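Below is one structure, written out as structure tokens, with a few remarks after it.
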Amino acid sequence: MDKKDLKHVSIPEALEELRNTMMMQSELKKQEEIGELISGFEKLEIVKDAIKVHPSDFLERYGLWIVSDNRKNFYYGIDLVNYFLGLLRSEPPETIAQVYSKIERVNVMVEKHPETGAKGLLIETEMEKFKCVQCGHCCINLSDAYETSVPDLDVSRWQDEKRYDILEWVDSFAGLNDVWINPKTQEPVDRCPWLRKLPGKDKYTCRIHETKPRHCRDFPKSKRHALDSGCRGFHAE
Ligand code: SF4
Ligand code: SF4
């Protein structure tokens, strides 16, 4: 059996990870998930609802009505996430560990960091169970894999490696390195140019695997990220 993949994070780092995970969710998902989690540790009157936030705003917003100090406020989107994390921040590490475990779908313990001695979380990431099955879903269906921008670090690496074949698909302007831009049409692609289907198989490879962008190398960031994005790397469980 593979050795468990463990990581230590401080409490502020854990809260930041939770913020990133929750910010990726739809408003409806935030409402459902945060409503249930808050009820587990705060005695607040919470009403799930969808409202029109302003007469001229025709969008239905999914959020929570929260009654606190006799005041009833409606929170949605980033405000709902910040409100939730603000409450969680003042909870003991044990509660933060429980919430982290529920959100990220992994086992978590409160433990001191072996080097700093600071109280934080020890997380079983389960990434040792991840196995890419080369289904191509991330490269084909997640447009932020190929219709995005890359950091200067990727660009300077390609410059060092003299990968002009890759650099011609990058449009660097005003501090951003947009990828992938077709060098012939100057238009963004609607499919990653480096994706290759293996002949006769339902499997894909990346033609620039050895030097692909950082965000491609880091995908998926966590078990929850994989589950939410439809990655099949954990489906063998
Ligand atoms: S660069 Fe490679 S890993 Fe990244 S989206 Fe394209 S084919 Fe996929
Ligand atoms: S979606 Fe997951 S399993 Fe499929 S190719 Fe991407 S990383 Fe691999």
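Going through the structure tokens in order, the chains are called A, B, and so on, while each chain numbers its residues from 1 and the ligands are numbered from 1 in the order shown.
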
Practice item. Pick out the residues sitting within 9 Å of Pro193 of chain A, and hand them over as a ChimeraX atom specification; count only C-alpha atoms, and ignore anything fewer than 4 positions along from it in its own chain. Key: /A:146,169,180,182,189,207

Residues at most 12 Å from Arg105 of chain A, counting only C-alpha atoms, excluding those fewer than 3 positions away in the same chain, as a PDB file with N, CA and C atoms, in the first residue's frame?
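Output saved as selection-v9.pdb:
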```pdb
ATOM      1  N   LEU A  18      -9.361  26.751   2.396  1.00  0.00           N
ATOM      2  CA  LEU A  18     -10.820  26.628   2.390  1.00  0.00           C
ATOM      3  C   LEU A  18     -11.446  27.752   1.567  1.00  0.00           C
ATOM      4  N   THR A  21     -11.120  26.851  -2.094  1.00  0.00           N
ATOM      5  CA  THR A  21     -12.057  25.789  -2.475  1.00  0.00           C
ATOM      6  C   THR A  21     -13.478  26.343  -2.590  1.00  0.00           C
ATOM      7  N   ALA A  97     -10.431  21.932  12.199  1.00  0.00           N
ATOM      8  CA  ALA A  97     -10.047  20.638  11.613  1.00  0.00           C
ATOM      9  C   ALA A  97     -11.281  19.885  11.111  1.00  0.00           C
ATOM     10  N   GLN A  98     -12.359  19.917  11.903  1.00  0.00           N
ATOM     11  CA  GLN A  98     -13.586  19.206  11.486  1.00  0.00           C
ATOM     12  C   GLN A  98     -14.162  19.810  10.210  1.00  0.00           C
ATOM     13  N   VAL A  99     -14.184  21.144  10.168  1.00  0.00           N
ATOM     14  CA  VAL A  99     -14.742  21.822   8.992  1.00  0.00           C
ATOM     15  C   VAL A  99     -13.867  21.549   7.768  1.00  0.00           C
ATOM     16  N   TYR A 100     -12.546  21.626   7.957  1.00  0.00           N
ATOM     17  CA  TYR A 100     -11.614  21.356   6.848  1.00  0.00           C
ATOM     18  C   TYR A 100     -11.864  19.939   6.315  1.00  0.00           C
ATOM     19  N   SER A 101     -12.027  18.996   7.236  1.00  0.00           N
ATOM     20  CA  SER A 101     -12.237  17.607   6.849  1.00  0.00           C
ATOM     21  C   SER A 101     -13.506  17.461   6.011  1.00  0.00           C
ATOM     22  N   LYS A 102     -14.572  18.155   6.424  1.00  0.00           N
ATOM     23  CA  LYS A 102     -15.840  18.045   5.687  1.00  0.00           C
ATOM     24  C   LYS A 102     -15.724  18.692   4.312  1.00  0.00           C
ATOM     25  N   VAL A 108      -8.309  14.835   8.996  1.00  0.00           N
ATOM     26  CA  VAL A 108      -7.497  15.945   9.509  1.00  0.00           C
ATOM     27  C   VAL A 108      -7.327  15.797  11.013  1.00  0.00           C
ATOM     28  N   ILE A 123      -2.803  16.942   7.700  1.00  0.00           N
ATOM     29  CA  ILE A 123      -3.836  16.546   6.735  1.00  0.00           C
ATOM     30  C   ILE A 123      -3.395  15.311   5.952  1.00  0.00           C
ATOM     31  N   GLU A 124      -4.284  14.327   5.898  1.00  0.00           N
ATOM     32  CA  GLU A 124      -4.056  13.179   5.007  1.00  0.00           C
ATOM     33  C   GLU A 124      -4.645  13.572   3.657  1.00  0.00           C
ATOM     34  N   THR A 125      -3.799  13.989   2.747  1.00  0.00           N
ATOM     35  CA  THR A 125      -4.312  14.557   1.491  1.00  0.00           C
ATOM     36  C   THR A 125      -4.949  13.503   0.581  1.00  0.00           C
ATOM     37  N   GLU A 126      -4.565  12.244   0.770  1.00  0.00           N
ATOM     38  CA  GLU A 126      -5.002  11.113  -0.076  1.00  0.00           C
ATOM     39  C   GLU A 126      -4.473  11.201  -1.498  1.00  0.00           C
ATOM     40  N   MET A 127      -3.543  12.148  -1.748  1.00  0.00           N
ATOM     41  CA  MET A 127      -3.024  12.270  -3.109  1.00  0.00           C
ATOM     42  C   MET A 127      -2.241  11.028  -3.545  1.00  0.00           C
ATOM     43  N   SER A 222      -6.032  19.100  -5.126  1.00  0.00           N
ATOM     44  CA  SER A 222      -6.436  18.346  -3.933  1.00  0.00           C
ATOM     45  C   SER A 222      -7.492  17.328  -4.349  1.00  0.00           C
ATOM     46  N   LYS A 223      -7.835  16.462  -3.396  1.00  0.00           N
ATOM     47  CA  LYS A 223      -8.885  15.472  -3.674  1.00  0.00           C
ATOM     48  C   LYS A 223     -10.195  16.190  -4.012  1.00  0.00           C
ATOM     49  N   ARG A 224     -10.535  17.211  -3.223  1.00  0.00           N
ATOM     50  CA  ARG A 224     -11.786  17.932  -3.461  1.00  0.00           C
ATOM     51  C   ARG A 224     -11.771  18.591  -4.835  1.00  0.00           C
ATOM     52  N   HIS A 225     -10.629  19.162  -5.218  1.00  0.00           N
ATOM     53  CA  HIS A 225     -10.498  19.796  -6.532  1.00  0.00           C
ATOM     54  C   HIS A 225     -10.763  18.766  -7.625  1.00  0.00           C
ATOM     55  N   ALA A 226     -10.198  17.560  -7.450  1.00  0.00           N
ATOM     56  CA  ALA A 226     -10.405  16.498  -8.441  1.00  0.00           C
ATOM     57  C   ALA A 226     -11.884  16.113  -8.506  1.00  0.00           C
ATOM     58  N   LEU A 227     -12.502  15.919  -7.343  1.00  0.00           N
ATOM     59  CA  LEU A 227     -13.898  15.491  -7.319  1.00  0.00           C
ATOM     60  C   LEU A 227     -14.801  16.556  -7.948  1.00  0.00           C
ATOM     61  N   ASP A 228     -14.542  17.826  -7.619  1.00  0.00           N
ATOM     62  CA  ASP A 228     -15.391  18.913  -8.133  1.00  0.00           C
ATOM     63  C   ASP A 228     -15.226  19.125  -9.633  1.00  0.00           C
TER      64      ASP A 228
END
```

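The neighbours of Phe173 of chain A here are the residues that come within 12 Å of it, using only C-alpha atoms and leaving out any residue fewer than 5 positions away in the same chain; they are Ser149, Val150, Asp152, Asp178 and Val179 of chain A.
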
Dump of C-alpha atoms for the selected residues, as an mmCIF file, in the first residue's frame:
```
data_model
loop_
_atom_site.group_PDB
_atom_site.id
_atom_site.type_symbol
_atom_site.label_atom_id
_atom_site.label_comp_id
_atom_site.auth_asym_id
_atom_site.auth_seq_id
_atom_site.Cartn_x
_atom_site.Cartn_y
_atom_site.Cartn_z
ATOM 1 C CA SER A 149 -2.592 33.026 -18.649
ATOM 2 C CA VAL A 150 0.674 31.626 -17.323
ATOM 3 C CA ASP A 152 6.485 34.672 -16.005
ATOM 4 C CA ASP A 178 -2.117 34.740 -22.384
ATOM 5 C CA VAL A 179 -2.204 31.132 -23.617
#
```

Review point. Of the candidates A:Lys119, A:Ala145, A:Lys129, A:Trp65, which shows the shortest atom-to-atom distance to Asp2 of chain A, using only C-alpha atoms?
Key: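 Comparing A:Lys119, A:Ala145, A:Lys129, A:Trp65 against Asp2 of chain A, the winner is A:Lys129.
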
Exercise for review: Would you return as JSON, numbers by chain the members of segment 5-217 of chain A that DSSP assigns to strand (DSSP E or B) on this structure's backbone?
Suggested key: {"A": [6, 7, 8, 9, 10, 45, 46, 47, 48, 49, 50, 51, 52, 53, 54, 57, 58, 59, 60, 61, 62, 63, 64, 65, 66, 67, 68, 71, 72, 73, 74, 75, 76, 107, 108, 109, 110, 111, 112, 119, 120, 121, 122, 123, 124, 148, 149, 150, 171, 172, 173, 176, 177, 178, 179, 181, 188, 195, 196, 197, 204, 205, 206]}

Review point. Within 9 Å of ligand 1, counting only C-alpha atoms and all ligand atoms, which protein or nucleic acid residues do you find, written as a VMD selection string?
Key: chain A and resid 136 to 140 142 to 147 180 191 to 196 204 to 209 211 to 217 219

Write out as a short mmCIF file (atom, residue, chain, number, x, y, z; two decimals) with N, CA and C atoms, in the first residue's frame all residues of segment 3-235 of chain A that backbone DSSP assigns to alpha helix (DSSP H).
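What follows is the written file selection.cif:
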```cif
data_model
loop_
_atom_site.label_atom_id
_atom_site.label_comp_id
_atom_site.auth_asym_id
_atom_site.auth_seq_id
_atom_site.Cartn_x
_atom_site.Cartn_y
_atom_site.Cartn_z
N ILE A 11 -2.97 27.30 10.81
CA ILE A 11 -4.40 27.63 10.78
C ILE A 11 -4.69 28.67 9.68
N PRO A 12 -3.89 29.76 9.58
CA PRO A 12 -4.18 30.71 8.49
C PRO A 12 -4.07 30.06 7.10
N GLU A 13 -3.11 29.15 6.93
CA GLU A 13 -2.99 28.47 5.62
C GLU A 13 -4.21 27.59 5.36
N ALA A 14 -4.69 26.92 6.40
CA ALA A 14 -5.87 26.06 6.24
C ALA A 14 -7.08 26.90 5.83
N LEU A 15 -7.24 28.06 6.48
CA LEU A 15 -8.38 28.92 6.15
C LEU A 15 -8.27 29.44 4.72
N GLU A 16 -7.05 29.72 4.27
CA GLU A 16 -6.85 30.20 2.91
C GLU A 16 -7.20 29.11 1.90
N GLU A 17 -6.83 27.87 2.22
CA GLU A 17 -7.18 26.76 1.33
C GLU A 17 -8.70 26.61 1.24
N LEU A 18 -9.36 26.75 2.40
CA LEU A 18 -10.82 26.63 2.39
C LEU A 18 -11.45 27.75 1.57
N ARG A 19 -10.87 28.96 1.68
CA ARG A 19 -11.39 30.09 0.89
C ARG A 19 -11.29 29.75 -0.62
N ASN A 20 -10.12 29.24 -1.03
CA ASN A 20 -9.93 28.93 -2.45
C ASN A 20 -10.91 27.87 -2.92
N THR A 21 -11.12 26.85 -2.09
CA THR A 21 -12.06 25.79 -2.47
C THR A 21 -13.48 26.34 -2.59
N MET A 22 -13.89 27.12 -1.60
CA MET A 22 -15.28 27.61 -1.60
C MET A 22 -15.52 28.64 -2.69
N MET A 23 -14.49 29.42 -3.02
CA MET A 23 -14.66 30.44 -4.06
C MET A 23 -14.89 29.80 -5.43
N GLU A 27 -22.90 29.80 -6.53
CA GLU A 27 -23.60 30.43 -5.40
C GLU A 27 -24.51 29.42 -4.70
N LEU A 28 -25.17 28.57 -5.49
CA LEU A 28 -26.08 27.58 -4.90
C LEU A 28 -25.30 26.61 -4.01
N LYS A 29 -24.15 26.17 -4.50
CA LYS A 29 -23.33 25.23 -3.73
C LYS A 29 -22.81 25.89 -2.45
N LYS A 30 -22.40 27.17 -2.57
CA LYS A 30 -21.92 27.89 -1.36
C LYS A 30 -23.05 27.95 -0.33
N GLN A 31 -24.26 28.29 -0.83
CA GLN A 31 -25.40 28.40 0.09
C GLN A 31 -25.63 27.08 0.81
N GLU A 32 -25.66 25.99 0.05
CA GLU A 32 -25.96 24.68 0.64
C GLU A 32 -24.88 24.26 1.62
N GLU A 33 -23.63 24.37 1.17
CA GLU A 33 -22.52 23.83 1.97
C GLU A 33 -22.26 24.68 3.21
N ILE A 34 -22.20 26.00 3.04
CA ILE A 34 -21.89 26.87 4.17
C ILE A 34 -23.04 26.87 5.17
N GLY A 35 -24.28 26.83 4.66
CA GLY A 35 -25.44 26.81 5.57
C GLY A 35 -25.34 25.62 6.52
N GLU A 36 -25.01 24.46 5.98
CA GLU A 36 -24.93 23.26 6.81
C GLU A 36 -23.75 23.33 7.78
N LEU A 37 -22.61 23.84 7.28
CA LEU A 37 -21.42 23.88 8.12
C LEU A 37 -21.55 24.89 9.26
N ILE A 38 -22.08 26.08 8.94
CA ILE A 38 -22.22 27.09 10.01
C ILE A 38 -23.10 26.55 11.12
N SER A 39 -24.19 25.88 10.72
CA SER A 39 -25.13 25.38 11.74
C SER A 39 -24.43 24.43 12.70
N GLY A 40 -23.32 23.80 12.23
CA GLY A 40 -22.61 22.84 13.08
C GLY A 40 -21.82 23.50 14.19
N PHE A 41 -21.46 24.78 14.05
CA PHE A 41 -20.64 25.36 15.11
C PHE A 41 -21.10 26.72 15.61
N GLY A 77 -22.14 34.82 -2.33
CA GLY A 77 -20.86 34.94 -3.02
C GLY A 77 -19.69 35.13 -2.07
N ILE A 78 -18.79 36.03 -2.46
CA ILE A 78 -17.56 36.24 -1.68
C ILE A 78 -17.88 36.72 -0.25
N ASP A 79 -18.98 37.50 -0.11
CA ASP A 79 -19.33 37.99 1.23
C ASP A 79 -19.75 36.84 2.15
N LEU A 80 -20.42 35.85 1.57
CA LEU A 80 -20.84 34.70 2.37
C LEU A 80 -19.61 33.90 2.81
N VAL A 81 -18.67 33.70 1.88
CA VAL A 81 -17.44 32.96 2.21
C VAL A 81 -16.66 33.71 3.30
N ASN A 82 -16.51 35.03 3.15
CA ASN A 82 -15.76 35.81 4.14
C ASN A 82 -16.45 35.81 5.50
N TYR A 83 -17.79 35.89 5.50
CA TYR A 83 -18.52 35.86 6.76
C TYR A 83 -18.29 34.52 7.47
N PHE A 84 -18.41 33.45 6.69
CA PHE A 84 -18.21 32.10 7.23
C PHE A 84 -16.79 31.93 7.80
N LEU A 85 -15.78 32.35 7.01
CA LEU A 85 -14.39 32.19 7.47
C LEU A 85 -14.09 33.09 8.67
N GLY A 86 -14.74 34.25 8.71
CA GLY A 86 -14.57 35.15 9.87
C GLY A 86 -15.06 34.49 11.14
N LEU A 87 -16.20 33.78 11.06
CA LEU A 87 -16.70 33.06 12.24
C LEU A 87 -15.77 31.90 12.59
N LEU A 88 -15.35 31.18 11.55
CA LEU A 88 -14.53 29.98 11.77
C LEU A 88 -13.18 30.35 12.40
N ARG A 89 -12.64 31.51 12.00
CA ARG A 89 -11.32 31.94 12.48
C ARG A 89 -11.27 32.01 14.01
N PRO A 93 -8.92 25.18 17.10
CA PRO A 93 -8.36 24.40 15.99
C PRO A 93 -9.13 23.10 15.72
N GLU A 94 -9.68 22.49 16.79
CA GLU A 94 -10.41 21.22 16.61
C GLU A 94 -11.62 21.43 15.70
N THR A 95 -12.31 22.56 15.88
CA THR A 95 -13.48 22.84 15.02
C THR A 95 -13.02 23.12 13.59
N ILE A 96 -11.93 23.88 13.47
CA ILE A 96 -11.40 24.18 12.13
C ILE A 96 -11.01 22.87 11.43
N ALA A 97 -10.43 21.93 12.20
CA ALA A 97 -10.05 20.64 11.61
C ALA A 97 -11.28 19.88 11.11
N GLN A 98 -12.36 19.92 11.90
CA GLN A 98 -13.59 19.21 11.49
C GLN A 98 -14.16 19.81 10.21
N VAL A 99 -14.18 21.14 10.17
CA VAL A 99 -14.74 21.82 8.99
C VAL A 99 -13.87 21.55 7.77
N TYR A 100 -12.55 21.63 7.96
CA TYR A 100 -11.61 21.36 6.85
C TYR A 100 -11.86 19.94 6.31
N SER A 101 -12.03 19.00 7.24
CA SER A 101 -12.24 17.61 6.85
C SER A 101 -13.51 17.46 6.01
N LYS A 102 -14.57 18.15 6.42
CA LYS A 102 -15.84 18.04 5.69
C LYS A 102 -15.72 18.69 4.31
N ILE A 103 -15.08 19.86 4.25
CA ILE A 103 -15.00 20.56 2.97
C ILE A 103 -14.07 19.84 2.01
N GLU A 104 -12.90 19.44 2.51
CA GLU A 104 -11.90 18.86 1.59
C GLU A 104 -12.01 17.35 1.47
N HIS A 137 -10.05 14.68 -19.86
CA HIS A 137 -11.13 15.58 -19.44
C HIS A 137 -10.63 16.97 -19.05
N CYS A 138 -9.56 17.02 -18.25
CA CYS A 138 -9.08 18.33 -17.77
C CYS A 138 -8.62 19.20 -18.94
N CYS A 139 -7.94 18.61 -19.90
CA CYS A 139 -7.39 19.39 -21.02
C CYS A 139 -8.48 19.75 -22.04
N ILE A 140 -9.51 18.92 -22.16
CA ILE A 140 -10.54 19.15 -23.18
C ILE A 140 -11.66 20.04 -22.65
N ASN A 141 -12.13 19.74 -21.45
CA ASN A 141 -13.36 20.38 -20.97
C ASN A 141 -13.17 21.54 -20.00
N ASP A 152 5.20 34.41 -15.34
CA ASP A 152 6.49 34.67 -16.00
C ASP A 152 7.44 33.49 -15.86
N LEU A 153 7.32 32.75 -14.73
CA LEU A 153 8.23 31.61 -14.51
C LEU A 153 8.13 30.58 -15.64
N ASP A 154 6.90 30.31 -16.10
CA ASP A 154 6.75 29.37 -17.23
C ASP A 154 7.41 29.94 -18.48
N VAL A 155 7.15 31.23 -18.74
CA VAL A 155 7.68 31.85 -19.96
C VAL A 155 9.21 31.87 -19.93
N SER A 156 9.79 32.23 -18.78
CA SER A 156 11.26 32.29 -18.74
C SER A 156 11.87 30.88 -18.86
N ARG A 157 11.17 29.87 -18.33
CA ARG A 157 11.67 28.50 -18.51
C ARG A 157 11.68 28.13 -20.00
N TRP A 158 10.60 28.47 -20.70
CA TRP A 158 10.55 28.14 -22.13
C TRP A 158 11.62 28.94 -22.90
N GLN A 159 11.89 30.15 -22.44
CA GLN A 159 12.96 30.93 -23.09
C GLN A 159 14.31 30.24 -22.87
N ASP A 160 14.56 29.83 -21.60
CA ASP A 160 15.82 29.15 -21.29
C ASP A 160 15.97 27.86 -22.12
N TYR A 164 10.79 27.81 -28.69
CA TYR A 164 10.09 28.82 -29.49
C TYR A 164 8.79 28.26 -30.06
N ASP A 165 8.73 26.91 -30.19
CA ASP A 165 7.49 26.29 -30.66
C ASP A 165 6.35 26.56 -29.67
N ILE A 166 6.70 26.64 -28.37
CA ILE A 166 5.66 26.93 -27.36
C ILE A 166 5.45 28.45 -27.27
N LEU A 167 6.56 29.19 -27.25
CA LEU A 167 6.47 30.64 -27.05
C LEU A 167 5.64 31.33 -28.12
N ARG A 214 2.77 25.41 -15.29
CA ARG A 214 2.70 25.06 -13.87
C ARG A 214 1.29 24.62 -13.47
N HIS A 215 0.27 25.35 -13.96
CA HIS A 215 -1.09 25.02 -13.52
C HIS A 215 -1.50 23.62 -14.03
N CYS A 216 -0.93 23.19 -15.16
CA CYS A 216 -1.23 21.84 -15.66
C CYS A 216 -0.53 20.80 -14.78
N ARG A 217 0.73 21.11 -14.39
CA ARG A 217 1.46 20.17 -13.54
C ARG A 217 0.79 20.03 -12.18
N LYS A 223 -7.83 16.46 -3.40
CA LYS A 223 -8.88 15.47 -3.67
C LYS A 223 -10.19 16.19 -4.01
N ARG A 224 -10.54 17.21 -3.22
CA ARG A 224 -11.79 17.93 -3.46
C ARG A 224 -11.77 18.59 -4.83
N HIS A 225 -10.63 19.16 -5.22
CA HIS A 225 -10.50 19.80 -6.53
C HIS A 225 -10.76 18.77 -7.63
N ALA A 226 -10.20 17.56 -7.45
CA ALA A 226 -10.40 16.50 -8.44
C ALA A 226 -11.88 16.11 -8.51
N LEU A 227 -12.50 15.92 -7.34
CA LEU A 227 -13.90 15.49 -7.32
C LEU A 227 -14.80 16.56 -7.95
N ASP A 228 -14.54 17.83 -7.62
CA ASP A 228 -15.39 18.91 -8.13
C ASP A 228 -15.23 19.12 -9.63
N SER A 229 -14.02 18.87 -10.14
CA SER A 229 -13.78 19.20 -11.55
C SER A 229 -14.03 18.02 -12.48
#
```

**Study point:** Residues within 6 Å of ligand 2, counting only C-alpha atoms and all ligand atoms, as a list of chain:residue names
**Key:**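 Listing the residues within 6 Å of ligand 2 gives A:Cys132, A:Val133, A:Gln134, A:Cys135, A:Gly136, A:His137, A:Cys138, A:Cys231, A:Arg232, A:Gly233.
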
Exercise for review: Enter the distance from atom CA of Ala118 of chain A to atom CA of Met24 of chain A, in Å, rounded to one decimal.
Suggested key: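 Taking atom CA of Ala118 of chain A and atom CA of Met24 of chain A, their separation equals 29.0 Å.
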